[in-house]
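What follows is a single structure, written as structure tokens, with notes after it.
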Amino acid sequence: MKKVITYGTFDLLHYGHINLLRRAKELGDYLIVALSTDEFNWNEKQKKCYFTYEERKKLLEAIRYVDLVIPEENWEQKRSDVKEFRVDTFVMGDDWEGKFDFLKDICEVVYLPRTPDISTTQIKTDLGK
Ligand code: C2G
């Protein structure tokens, strides 16, 4: 069974996220999503999520492409996650191009093109108008 992992905040879930998850799942048989906790988002990414971790987790678990959701609590856990879950392929959108190449000694690293013209920031901006 080929296992794939990806990481993210996935707040205000939108079709760009779904496109990423669908393509990530197409690279294997089992997709793990490491979901950024509220603390990690605020302390490390200065992101204040609209939905809590538990709410975002429920949304992701309802997606047909997602097999398991685990918490992302720090930047350093990727290597141990890949080893612990015996992951074959690490996937991120290409806004992260090159940033996780250090994992190439233990798994395949794939950067997928982002879906254009959609982002949580844009949604918040548009709704604020
Ligand atoms: N994404 C995409 N197209 C968009 C928006 C997002 O393909 N229009 C992808 C991103 O490239 C990322 C995933 O969807 O791979 C989740 O996006 P975010 O929730 O913004 O994740 P991010 O804050 O980049 O967190 O340790 C890694 C970080 O947790 C990544």
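We name chains A, B, ... following the order of the structure tokens; residues begin at 1 in each chain, and ligands are numbered from 1 as shown.
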*asked:* Hey, which residues sit close to ligand 1? Say within 7 Å, counting only C-alpha atoms and all ligand atoms, and write them as a PyMOL selection string.
replied: chain A and resi 6-11+16-17+19-20+35-36+72+75+92-96+112-119
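Contact shell of Glu26 (chain A) at 9 Å (only C-alpha atoms; same-chain neighbours under 4 positions omitted): Leu21, Arg22 and Tyr65 of chain A.
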Any chance you could export the current selection's N, CA and C atoms as a PDB file, in the first residue's frame?
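The resulting file, result-v8.pdb, is shown below:
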ATOM      1  N   LEU A  21      -5.734  17.758  -2.511  1.00  0.00           N
ATOM      2  CA  LEU A  21      -5.972  16.467  -1.847  1.00  0.00           C
ATOM      3  C   LEU A  21      -6.287  15.370  -2.867  1.00  0.00           C
ATOM      4  N   ARG A  22      -7.058  15.718  -3.889  1.00  0.00           N
ATOM      5  CA  ARG A  22      -7.408  14.732  -4.932  1.00  0.00           C
ATOM      6  C   ARG A  22      -6.128  14.271  -5.645  1.00  0.00           C
ATOM      7  N   TYR A  65     -10.988  11.635  -0.365  1.00  0.00           N
ATOM      8  CA  TYR A  65      -9.568  11.363  -0.658  1.00  0.00           C
ATOM      9  C   TYR A  65      -8.739  11.156   0.607  1.00  0.00           C
TER      10      TYR A  65
END
Quick one: residues within 6 Å of Phe90 (chain A), only C-alpha atoms counted, chain neighbours fewer than 6 positions away excluded, as a compact mmCIF listing (two decimals) with N, CA and C atoms, in the first residue's frame?
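Here's the written file selection_4.txt:
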# COMPACT_ATOMS: atom_id res chain seq x y z
N VAL A 4 0.75 8.33 1.22
CA VAL A 4 1.07 9.72 0.87
C VAL A 4 0.75 10.59 2.08
N ILE A 5 1.55 11.64 2.30
CA ILE A 5 1.25 12.59 3.37
C ILE A 5 1.34 14.02 2.86
N VAL A 109 9.48 13.32 -2.78
CA VAL A 109 8.94 14.64 -2.46
C VAL A 109 8.35 15.24 -3.73
*Contacts of region 52-58 of chain A at 9 Å or less, counting only C-alpha atoms, minus same-chain residues fewer than 2 places along, as an NGL selection string?*
:A and (9-13 or 35-38 or 49-50 or 60-62 or 69-71)
*Å distance separating CA of Ile18 (chain A) from CA of Val91 (chain A), one decimal place*: 13.5 Å
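Our summary of the geometry notes that CA of Leu31 (chain A) is positioned 26.4 Å from CA of Asn43 (chain A).
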*What are the DSSP alpha helix (DSSP H) residues of chain A, as JSON, numbers by chain?*
{"A": [15, 16, 17, 18, 19, 20, 21, 22, 23, 24, 25, 38, 39, 40, 41, 42, 43, 44, 45, 53, 54, 55, 56, 57, 58, 59, 60, 61, 78, 79, 80, 81, 82, 83, 84, 120, 121, 122, 123, 124, 125, 126, 127, 128]}
Dump of C-alpha atoms for the selected residues, as an mmCIF file, in the first residue's frame:
data_model
loop_
_atom_site.group_PDB
_atom_site.id
_atom_site.type_symbol
_atom_site.label_atom_id
_atom_site.label_comp_id
_atom_site.auth_asym_id
_atom_site.auth_seq_id
_atom_site.Cartn_x
_atom_site.Cartn_y
_atom_site.Cartn_z
ATOM 1 C CA TYR A 15 -11.718 23.849 -4.107
ATOM 2 C CA GLY A 16 -7.990 24.657 -4.227
ATOM 3 C CA HIS A 17 -7.513 22.467 -1.169
ATOM 4 C CA ILE A 18 -9.724 19.750 -2.665
ATOM 5 C CA ASN A 19 -7.715 19.822 -5.934
ATOM 6 C CA LEU A 20 -4.541 19.330 -3.914
ATOM 7 C CA LEU A 21 -5.972 16.467 -1.847
ATOM 8 C CA ARG A 22 -7.408 14.732 -4.932
ATOM 9 C CA ARG A 23 -4.056 14.861 -6.773
ATOM 10 C CA ALA A 24 -2.162 13.788 -3.637
ATOM 11 C CA LYS A 25 -4.410 10.732 -3.278
ATOM 12 C CA ASP A 38 -4.609 26.208 16.305
ATOM 13 C CA GLU A 39 -1.496 26.813 18.427
ATOM 14 C CA PHE A 40 0.903 25.939 15.584
ATOM 15 C CA ASN A 41 -1.020 28.205 13.209
ATOM 16 C CA TRP A 42 -0.952 31.145 15.580
ATOM 17 C CA ASN A 43 2.576 30.743 16.992
ATOM 18 C CA GLU A 44 4.381 29.657 13.813
ATOM 19 C CA LYS A 45 2.319 30.876 10.868
ATOM 20 C CA TYR A 53 -8.714 22.351 14.734
ATOM 21 C CA GLU A 54 -11.569 19.981 15.627
ATOM 22 C CA GLU A 55 -13.901 21.642 13.110
ATOM 23 C CA ARG A 56 -11.226 21.619 10.377
ATOM 24 C CA LYS A 57 -10.452 17.962 11.198
ATOM 25 C CA LYS A 58 -14.110 16.960 10.782
ATOM 26 C CA LEU A 59 -14.270 18.706 7.416
ATOM 27 C CA LEU A 60 -11.145 16.949 6.170
ATOM 28 C CA GLU A 61 -12.324 13.546 7.448
ATOM 29 C CA LYS A 78 7.806 15.728 9.212
ATOM 30 C CA ARG A 79 10.786 13.354 9.286
ATOM 31 C CA SER A 80 9.422 11.352 12.214
ATOM 32 C CA ASP A 81 5.915 11.339 10.685
ATOM 33 C CA VAL A 82 7.260 9.923 7.409
ATOM 34 C CA LYS A 83 9.106 7.196 9.327
ATOM 35 C CA GLU A 84 6.334 6.439 11.839
ATOM 36 C CA THR A 120 -8.516 31.642 2.206
ATOM 37 C CA THR A 121 -7.097 35.178 2.365
ATOM 38 C CA GLN A 122 -8.953 36.133 -0.840
ATOM 39 C CA ILE A 123 -12.200 34.658 0.500
ATOM 40 C CA LYS A 124 -11.881 36.697 3.714
ATOM 41 C CA THR A 125 -11.086 39.845 1.708
ATOM 42 C CA ASP A 126 -14.000 39.379 -0.671
ATOM 43 C CA LEU A 127 -16.440 38.660 2.161
ATOM 44 C CA GLY A 128 -15.228 41.738 3.993
#
_Please report the interatomic distance between CA of Ile106 (chain A) and CA of Val66 (chain A) in Å with one decimal._
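So the two atoms, CA of Ile106 (chain A) and CA of Val66 (chain A), lie 22.2 Å apart.
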